[in-house]
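data.tsv follows (TSV, C-alpha atoms and all ligand atoms):
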chain	number	residue	atom	x	y	z
A	22	ILE	CA	0.00	0.00	0.00
A	23	SER	CA	3.00	2.36	0.40
A	24	ALA	CA	3.37	2.24	-3.39
A	25	HIS	CA	-0.30	3.25	-3.82
A	26	LEU	CA	0.11	6.08	-1.30
A	27	ALA	CA	3.24	7.33	-3.07
A	28	LEU	CA	1.40	7.48	-6.42
A	29	ALA	CA	-1.45	9.41	-4.78
A	30	ARG	CA	1.16	11.81	-3.34
A	31	LEU	CA	2.67	12.24	-6.81
A	32	GLU	CA	-0.71	13.10	-8.32
A	33	ALA	CA	-1.50	15.56	-5.51
A	34	ALA	CA	1.87	17.32	-5.85
A	35	LEU	CA	1.63	17.93	-9.61
A	36	PRO	CA	-0.71	20.16	-11.63
A	37	PRO	CA	-4.15	18.58	-12.22
A	38	GLY	CA	-4.14	16.27	-15.22
A	39	SER	CA	-0.39	15.55	-15.04
A	40	VAL	CA	-0.73	11.99	-13.76
A	41	ARG	CA	-2.80	9.19	-15.25
A	42	ILE	CA	-2.85	5.77	-13.62
A	43	VAL	CA	-3.79	2.89	-15.91
A	44	THR	CA	-4.18	-0.33	-13.94
A	45	GLN	CA	-4.93	-3.95	-14.73
A	46	ASN	CA	-6.01	-4.48	-11.11
A	47	VAL	CA	-9.73	-4.70	-10.39
A	48	ASP	CA	-9.45	-3.69	-6.73
A	49	ASP	CA	-9.90	-0.09	-5.50
A	50	LEU	CA	-6.59	0.29	-3.65
A	51	HIS	CA	-5.52	3.28	-5.77
A	52	GLU	CA	-8.77	5.10	-5.05
A	53	ARG	CA	-8.58	4.27	-1.35
A	54	ALA	CA	-5.02	5.60	-1.27
A	55	GLY	CA	-6.31	8.89	-2.68
A	56	SER	CA	-5.60	8.66	-6.41
A	57	ARG	CA	-8.24	10.32	-8.59
A	58	ALA	CA	-7.04	9.79	-12.15
A	59	VAL	CA	-7.38	6.01	-12.34
A	60	TRP	CA	-8.44	3.98	-15.36
A	61	HIS	CA	-9.22	0.31	-14.78
A	62	MET	CA	-8.40	-1.55	-18.00
A	63	HIS	CA	-9.89	-4.76	-16.67
A	64	GLY	CA	-12.86	-3.28	-14.85
A	65	GLU	CA	-13.68	-2.97	-11.17
A	66	LEU	CA	-14.82	-5.56	-8.64
A	67	ALA	CA	-16.90	-2.91	-6.90
A	68	ARG	CA	-19.06	-2.31	-9.98
A	69	ALA	CA	-21.78	-4.11	-11.87
A	70	ARG	CA	-22.52	-3.81	-15.57
A	71	CYS	CA	-25.44	-4.54	-17.85
A	72	ALA	CA	-24.52	-7.04	-20.56
A	73	SER	CA	-27.38	-5.68	-22.67
A	74	CYS	CA	-26.95	-1.89	-22.71
A	75	GLY	CA	-23.53	-1.44	-21.09
A	76	ALA	CA	-24.71	0.72	-18.18
A	77	GLY	CA	-22.60	0.51	-15.01
A	78	TRP	CA	-23.50	0.95	-11.35
A	79	PRO	CA	-22.03	0.24	-7.88
A	80	ALA	CA	-22.14	-3.52	-7.25
A	81	PRO	CA	-24.64	-4.72	-4.66
A	82	ALA	CA	-23.39	-7.07	-1.93
A	83	GLU	CA	-24.89	-9.96	-3.88
A	84	MET	CA	-25.17	-9.83	-7.63
A	85	ARG	CA	-27.42	-12.04	-9.77
A	86	VAL	CA	-27.76	-12.32	-13.55
A	87	ALA	CA	-31.52	-11.99	-12.96
A	88	ASP	CA	-31.12	-8.53	-11.39
A	89	ALA	CA	-32.75	-5.90	-13.59
A	90	CYS	CA	-30.50	-3.20	-15.09
A	91	PRO	CA	-31.33	0.17	-13.45
A	92	SER	CA	-30.96	1.80	-16.85
A	93	CYS	CA	-32.74	-0.47	-19.40
A	94	GLY	CA	-34.53	-2.98	-17.14
A	95	VAL	CA	-33.11	-6.07	-18.88
A	96	ALA	CA	-32.03	-8.91	-16.56
A	97	ALA	CA	-28.42	-9.10	-17.75
A	98	THR	CA	-26.34	-8.11	-14.73
A	99	ARG	CA	-22.69	-9.11	-14.63
A	100	PRO	CA	-19.59	-8.04	-12.71
A	101	ASP	CA	-17.86	-5.09	-14.38
A	102	ILE	CA	-14.77	-7.19	-15.07
A	103	VAL	CA	-13.07	-7.76	-18.41
A	104	TRP	CA	-12.85	-11.49	-18.93
A	105	PHE	CA	-10.09	-13.29	-20.81
A	106	GLY	CA	-10.53	-12.69	-24.52
A	107	GLU	CA	-12.55	-9.48	-24.09
A	108	MET	CA	-11.20	-6.09	-25.15
A	109	PRO	CA	-9.84	-4.10	-22.18
A	110	TYR	CA	-11.59	-0.83	-21.39
A	111	ARG	CA	-10.56	2.63	-22.56
A	112	MET	CA	-7.99	1.45	-25.09
A	113	GLU	CA	-8.47	4.46	-27.39
A	114	GLU	CA	-8.04	6.88	-24.48
A	115	ILE	CA	-5.03	4.93	-23.22
A	116	TRP	CA	-3.29	5.06	-26.59
A	117	GLU	CA	-4.03	8.77	-26.79
A	118	ALA	CA	-2.53	9.30	-23.32
A	119	LEU	CA	0.55	7.25	-24.28
A	120	ARG	CA	1.09	9.40	-27.35
A	121	ALA	CA	0.82	12.57	-25.22
A	122	ALA	CA	3.03	11.37	-22.34
A	123	ASP	CA	6.41	12.89	-21.42
A	124	LEU	CA	7.16	10.00	-19.08
A	125	PHE	CA	5.80	6.46	-19.05
A	126	VAL	CA	6.34	4.40	-15.90
A	127	SER	CA	5.47	0.70	-15.77
A	128	ILE	CA	5.01	-0.61	-12.24
A	129	GLY	CA	4.91	-4.28	-11.31
A	130	THR	CA	4.00	-5.83	-14.63
A	131	SER	CA	5.45	-8.98	-16.15
A	132	GLY	CA	5.61	-7.59	-19.65
A	133	SER	CA	3.97	-10.72	-21.02
A	134	VAL	CA	0.32	-9.59	-21.21
A	135	TYR	CA	-0.77	-7.67	-24.29
A	136	PRO	CA	-1.82	-4.99	-25.04
A	137	ALA	CA	-0.27	-3.59	-21.83
A	138	ALA	CA	3.15	-5.04	-22.70
A	139	ALA	CA	3.26	-2.86	-25.81
A	140	PHE	CA	2.50	0.40	-23.98
A	141	VAL	CA	6.20	1.13	-23.44
A	142	GLN	CA	6.83	0.95	-27.19
A	143	ASP	CA	3.80	3.10	-27.96
A	144	ALA	CA	4.99	5.76	-25.48
A	145	ALA	CA	8.63	5.62	-26.58
A	146	ARG	CA	7.67	5.94	-30.25
A	147	ALA	CA	5.81	9.15	-29.37
A	148	GLY	CA	8.88	10.52	-27.59
A	149	ALA	CA	8.24	9.68	-23.94
A	150	GLU	CA	10.96	8.80	-21.50
A	151	THR	CA	10.33	5.28	-20.15
A	152	LEU	CA	10.98	3.75	-16.75
A	153	GLU	CA	10.36	0.27	-15.41
A	154	LEU	CA	9.72	-0.23	-11.69
A	155	ASN	CA	9.55	-3.96	-11.02
A	156	LEU	CA	10.67	-6.63	-8.59
A	157	GLU	CA	13.17	-7.82	-11.18
A	158	PRO	CA	13.86	-6.93	-14.82
A	159	SER	CA	10.74	-7.98	-16.75
A	160	GLU	CA	10.60	-9.80	-20.06
A	161	ILE	CA	10.54	-6.42	-21.79
A	162	ALA	CA	13.06	-4.60	-19.57
A	163	ARG	CA	15.23	-3.75	-22.58
A	164	ASP	CA	12.41	-1.66	-24.06
A	165	PHE	CA	12.80	0.87	-21.22
A	166	ASP	CA	15.30	3.75	-20.95
A	167	ARG	CA	15.82	2.94	-17.29
A	168	GLY	CA	14.83	0.41	-14.64
A	169	LEU	CA	14.64	0.36	-10.85
A	170	HIS	CA	14.24	-3.10	-9.37
A	171	GLY	CA	12.99	-4.22	-5.97
A	172	PRO	CA	9.71	-4.54	-4.08
A	173	ALA	CA	7.15	-1.93	-5.23
A	174	SER	CA	6.56	-0.96	-1.60
A	175	GLU	CA	10.16	0.28	-1.52
A	176	ILE	CA	11.09	1.46	-5.00
A	177	VAL	CA	7.88	3.34	-5.87
A	178	PRO	CA	8.09	5.72	-2.86
A	179	VAL	CA	11.83	6.18	-3.51
A	180	TRP	CA	11.21	7.02	-7.16
A	181	VAL	CA	8.32	9.42	-6.35
A	182	GLU	CA	10.51	11.31	-3.86
A	183	GLU	CA	13.33	11.45	-6.40
A	184	TYR	CA	10.99	12.67	-9.14
A	185	LEU	CA	9.36	15.36	-7.02
A	186	GLY	CA	12.73	16.36	-5.55
A	187	ALA	CA	14.19	16.93	-9.01
A	188	ARG	CA	11.33	19.32	-9.81
A	189	ARG	CA	11.77	21.50	-6.74
B	1	ZN	ZN	-29.09	-2.22	-19.31

Would you mind writing the file's structure down as structure tokens?
Ligand SMILES: [Zn+2]
Amino acid sequence: ISAHLALARLEAALPPGSVRIVTQNVDDLHERAGSRAVWHMHGELARARCASCGAGWPAPAEMRVADACPSCGVAATRPDIVWFGEMPYRMEEIWEALRAADLFVSIGTSGSVYPAAAFVQDAARAGAETLELNLEPSEIARDFDRGLHGPASEIVPVWVEEYLGARR
């Protein structure tokens, strides 16, 4: 959680809109740590979605397929989670953000799951500096300009302090 708190601190310390967190995690740890600009590529455990019209709403404690959609009324409720083989959410916006980024930081990813594994190349092609923060060099470590390796709980706060310190 110290890594999540550090990223929230980074967002709070920079001008609004400077930080965008794109996560494959379906939990709400980033939000609970205080991050605002979070996109969940693979959906959110805390949300339900209508398989008929696409509407989303906060998940009830118990969710049934037979629950009626609050928007269209069809009984097609499902968890708001992207299953294997489905297109991750917000891909167009993510690619746009990658093209606009000055710095792309990958945190705790194996580098073996696409399309996320290609984000570093998308960002680098558009001119971004790239940094990998991971327990050990990932399968795609050579695609990054720089890498810091160790537990996220240690290296993410260290990097955030270094980054903010260099701007002061
Ligand atoms: Zn619906």

Step by step, measure atom-to-atom distances between ligand ZN 1 (chain B) and each residue using all atoms listed in the file, keep those at most 6 Å, then write them as a PDB file with C-alpha atoms, in the frame of the given file.
ATOM      1  CA  CYS A  71     -25.440  -4.540 -17.850  1.00  0.00           C
ATOM      2  CA  SER A  73     -27.380  -5.680 -22.670  1.00  0.00           C
ATOM      3  CA  CYS A  74     -26.950  -1.890 -22.710  1.00  0.00           C
ATOM      4  CA  GLY A  75     -23.530  -1.440 -21.090  1.00  0.00           C
ATOM      5  CA  ALA A  76     -24.710   0.720 -18.180  1.00  0.00           C
ATOM      6  CA  CYS A  90     -30.500  -3.200 -15.090  1.00  0.00           C
ATOM      7  CA  SER A  92     -30.960   1.800 -16.850  1.00  0.00           C
ATOM      8  CA  CYS A  93     -32.740  -0.470 -19.400  1.00  0.00           C
ATOM      9  CA  GLY A  94     -34.530  -2.980 -17.140  1.00  0.00           C
ATOM     10  CA  VAL A  95     -33.110  -6.070 -18.880  1.00  0.00           C
TER      11      VAL A  95
END

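The gap separating atom CA of A:Ala89 from atom CA of A:Asn46 is 26.9 Å, in Å to one decimal.
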
Can you tell me which residues surround stretch 163-172 of chain A at a distance of at most 9 Å, considering only C-alpha atoms, apart from same-chain residues fewer than 6 positions away, and format the answer as JSON, numbers by chain?
{"A": [129, 141, 142, 145, 150, 151, 152, 153, 154, 155, 156, 157, 180]}

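Note that atom CA of A:Ala72 and atom CA of A:Arg99 are 6.5 Å apart.
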
Leaving out A:Glu114 and any residue of its chain fewer than 5 positions from it, which residues lie within 12 Å of it when counting only C-alpha atoms, given as a PyMOL selection string?
chain A and resi 41+43+60-62+109+119-121

Determine, counting only C-alpha atoms, which protein, DNA and RNA residues have an atom within 12 Å of an atom of A:Arg111; residues of the same chain fewer than 5 positions away are not included. Present the result as a PyMOL selection string.
chain A and resi 43-45+59-64+103+116-118+136

Using all atoms listed in the file, pick whichever of A:Val177, A:Ala138, A:Ala87, A:Met112 has the shortest atom-to-atom distance to A:Ala29.
A:Val177

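Across the structure, atom CA of A:Ala33 and atom CA of A:Asp143 are spaced 26.2 Å apart.
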
Would you mind listing what lies within 10 Å of A:His25 as a short mmCIF file (atom, residue, chain, number, x, y, z; two decimals) with C-alpha atoms, in the frame of the given file, with all atoms listed in the file counted and same-chain residues fewer than 2 positions away left out?
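This is the output file part_31.cif:
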data_model
loop_
_atom_site.label_atom_id
_atom_site.label_comp_id
_atom_site.auth_asym_id
_atom_site.auth_seq_id
_atom_site.Cartn_x
_atom_site.Cartn_y
_atom_site.Cartn_z
CA ILE A 22 0.00 0.00 0.00
CA SER A 23 3.00 2.36 0.40
CA ALA A 27 3.24 7.33 -3.07
CA LEU A 28 1.40 7.48 -6.42
CA ALA A 29 -1.45 9.41 -4.78
CA ARG A 30 1.16 11.81 -3.34
CA LEU A 31 2.67 12.24 -6.81
CA LEU A 50 -6.59 0.29 -3.65
CA HIS A 51 -5.52 3.28 -5.77
CA GLU A 52 -8.77 5.10 -5.05
CA ARG A 53 -8.58 4.27 -1.35
CA ALA A 54 -5.02 5.60 -1.27
CA GLY A 55 -6.31 8.89 -2.68
CA SER A 56 -5.60 8.66 -6.41
CA ALA A 173 7.15 -1.93 -5.23
CA SER A 174 6.56 -0.96 -1.60
CA VAL A 177 7.88 3.34 -5.87
CA PRO A 178 8.09 5.72 -2.86
#

Counting only C-alpha atoms, closest pick from A:Ala162, A:Glu65, A:Ile128, A:Ala58 relative to A:Ile176 is A:Ile128

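Take the candidates A:Pro100, A:Pro158, A:Gly186, A:Gly106 and check each one against A:Arg85 using all atoms listed in the file; the shortest distance goes to A:Pro100.
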